[in-house]
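Asks: Sharing a structure below in structure tokens format, with a few things to ask.
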Amino acid sequence: MAPAVAMTMGTAMTTEAHDRLQLMWLASPALPVGGFSYSEVLEAAVDKGLVTNEAQASQWLIDQLHLSQARSDLAVVAQAIDAWRQNDLPRVAELNTWVLITRESSELRQQSQQTGRSLLEWLRQLPQPESTHADKATTLLTHLSFARDLPPTWPVAFALAAGQTAAPVRDCVLACAFGWAENMSQAAIKAVPLGQTGGQRILARLLQAIPAAVDNALALPDDQRQAFSPMLAILSAQHETQYSRLFRS
């Protein structure tokens with residue numbers, strides 16, 4: 001009896017560890033979706049003299065996390081994970097459309113679409129579940145086909161990938177927020193510019209802010225989800241014609 005109990009506990013731990021590793025993989029800047037080529041307007045803020053040092057970059061990104069990410073993309077990720085897991089495809093399409101119509105410049109829309117397509121292609125290339133999980137494999141193939149026809153934006157594609165795990169929604173959204181934070185700290189290093197240690201200090205400050213931002217995103221109902229960030233929209237439009245730039249947004 002004891003060995004059976006031990007085997008059950010071991011299997012549960014293995015599944016939990018696998019889910020955590022999958023989320024770490026999704027949050028990695030090495031994920032081949034092109035995230036490194038976007039600064040999400042930070043480069044334009046540097047060009048206009050709004051961000052000139054580490055302290056200003058930290059505050060800019062913390063504000064963006066709370067005022068933009070938490071009220072928009074992170075909230076969509078949370079809601080889309082539930083929709084994918086429940087096979088509620090009309091809800092997935094609704095959320096995807098919302099993301100598209102709330103991008104306030106062409107480059108921000110292109111970023112969400114390009115990274116979403118790339119993540120979908122990455123997910124398509126992964127080994128499919130074993131034959132013992134035929135139902136899960138069939139559902140994933142159906143979802144991949146549906147997502148390709150949308151086509152998916154970044155939050156919806158991330159939700160599809162994260163939803164393949166059994167991890168709690170909060171853990172999935174935390175992973176998404178961390179991936180964004182790490183990418184943006186690296187963008188700050190290049191754009192301001194800063195040293196590697198300065199970038200790590202920015203990331204440390206963002207990590208302190210992420211849990212509250214994620215909790216706010218999880219609690220956000222549809223009628224309070226919004227992507228109204230006038231400063232980002234104006235700077236993004238200006239960045240599209242900026243004379244010299246390192247990033248695509």
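To be explicit about the labels: the chains of the structure tokens are called A, B, and onward in the order shown, and within each one the residues are counted from 1, while ligands get numbers from 1 in the order they are shown.
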Restrict the calculation to only C-alpha atoms, then for each residue of stretch 63-119 of chain A with any atom at most 10 Å from an atom of stretch 16-39 of chain A give the closest atom pair and their distance in Å to one decimal, rows by chain and rising residue number, as a Markdown table.
Replies:
| residue | atom | partner | partner_atom | distance |
| --- | --- | --- | --- | --- |
| A:Glu107 | CA | A:Tyr38 | CA | 9.6 |
| A:Leu108 | CA | A:Tyr38 | CA | 9.2 |
| A:Gln111 | CA | A:Tyr38 | CA | 7.5 |
| A:Ser112 | CA | A:Gly35 | CA | 9.9 |
| A:Gln114 | CA | A:Val33 | CA | 7.8 |
| A:Thr115 | CA | A:Val33 | CA | 5.1 |
| A:Gly116 | CA | A:Val33 | CA | 7.7 |
| A:Arg117 | CA | A:Val33 | CA | 8.1 |
| A:Ser118 | CA | A:Val33 | CA | 4.9 |
| A:Leu119 | CA | A:Val33 | CA | 5.7 |
Asks: Write out as a ChimeraX atom specification each polymer residue whose atoms come within 9 Å of A:Leu74, counting only C-alpha atoms; drop sequence neighbours fewer than 3 positions from it.
Replies: /A:69-71,77-79,155,173-174,176-177,213-214,217-218
Asks: Mind dumping the selected residues with C-alpha atoms as a PDB file, in the first residue's frame?
Replies:
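Written out: out.pdb:
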ATOM      1  CA  GLN A  69      -0.849  45.534 -19.258  1.00  0.00           C
ATOM      2  CA  ALA A  70      -2.975  44.704 -16.202  1.00  0.00           C
ATOM      3  CA  ARG A  71      -6.074  46.379 -17.636  1.00  0.00           C
ATOM      4  CA  VAL A  77      -4.847  36.127 -21.079  1.00  0.00           C
ATOM      5  CA  ALA A  78      -6.721  35.132 -17.921  1.00  0.00           C
ATOM      6  CA  GLN A  79     -10.104  35.103 -19.630  1.00  0.00           C
ATOM      7  CA  PRO A 155      -2.617  37.318 -25.440  1.00  0.00           C
ATOM      8  CA  VAL A 173      -0.738  35.065 -16.012  1.00  0.00           C
ATOM      9  CA  LEU A 174       2.247  35.540 -13.694  1.00  0.00           C
ATOM     10  CA  CYS A 176       3.056  36.030 -19.031  1.00  0.00           C
ATOM     11  CA  ALA A 177       3.754  39.131 -16.949  1.00  0.00           C
ATOM     12  CA  ALA A 213      -0.989  43.788 -11.279  1.00  0.00           C
ATOM     13  CA  VAL A 214      -1.915  40.170 -12.015  1.00  0.00           C
ATOM     14  CA  ALA A 217      -6.156  41.659 -14.061  1.00  0.00           C
ATOM     15  CA  LEU A 218      -7.817  38.507 -12.739  1.00  0.00           C
TER      16      LEU A 218
END
Asks: What's the separation between atom CA of A:Asn96 and atom CA of A:Val156, in Å to one decimal place?
Replies: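 Rounded to one decimal, the two atoms are 6.2 Å apart.
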Asks: Nearest to A:Leu141 among A:Glu182, A:Arg103, A:Leu126, A:Gln224, with distances taken over only C-alpha atoms: which residue is it?
Replies: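 Among A:Glu182, A:Arg103, A:Leu126, A:Gln224, it is A:Leu126 that comes nearest to A:Leu141.
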Asks: List as number ranges by chain the protein and nucleic acid residues near A:Leu194, meaning an atom at most 12 Å away when only C-alpha atoms are counted, but skip any in the same chain fewer than 4 places from it.
Replies: A: 46, 51-58, 185-190, 198-202
Asks: Could you please write out, as an NGL selection string, every residue of stretch 157-247 of chain A that DSSP assigns to alpha helix (DSSP H)?
Replies: :A and (157-162 or 169-191 or 196-218 or 230-239)
Asks: Mind checking which residues fall within 8 Å of stretch 233-245 of chain A, counting only C-alpha atoms, ignoring those fewer than 2 positions away in the same chain, and posting them as a list in words?
Replies: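 Within the cut-off, the hits are Glu40, Val41, Glu43, Ala44, Ala45, Glu104, Ser105, Ser106, Glu107, Leu108, Ser229, Pro230, Met231, Phe247, Arg248 and Ser249 of chain A.
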Asks: What lies within 7 Å of A:Gly163 using only C-alpha atoms, ignoring chain neighbours under 6 positions off, as an MDAnalysis selection string?
Replies: chainID A and resid 81 84:85
Asks: How far is it from atom CA of A:Gln226 to atom CA of A:Ser72, in Å with one decimal?
Replies: 5.5 Å
Asks: Which one is closest to A:Asn87: A:Phe146, A:Phe178, A:Trp122, A:Phe228? Count only C-alpha atoms.
Replies: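 Between A:Phe146, A:Phe178, A:Trp122, A:Phe228, the residue approaching A:Asn87 most closely is A:Phe146.
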Asks: From the list A:Gln86, A:Gln125, A:Gln59, A:Thr153, which residue is nearest A:Thr102 when using only C-alpha atoms?
Replies: A:Thr153
Asks: To one decimal in Å, tell me the separation between atom CA of A:Leu65 and atom CA of A:Ala147.
Replies: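 Result for atom CA of A:Leu65 versus atom CA of A:Ala147: 26.4 Å, one decimal.
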Asks: Counting only C-alpha atoms, figure out which residue out of A:Lys48, A:Arg124, A:Arg91, A:Arg170 gets nearest to A:Ile210.
Replies: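 Answer, going by the shortest atom-to-atom distance: A:Arg170.
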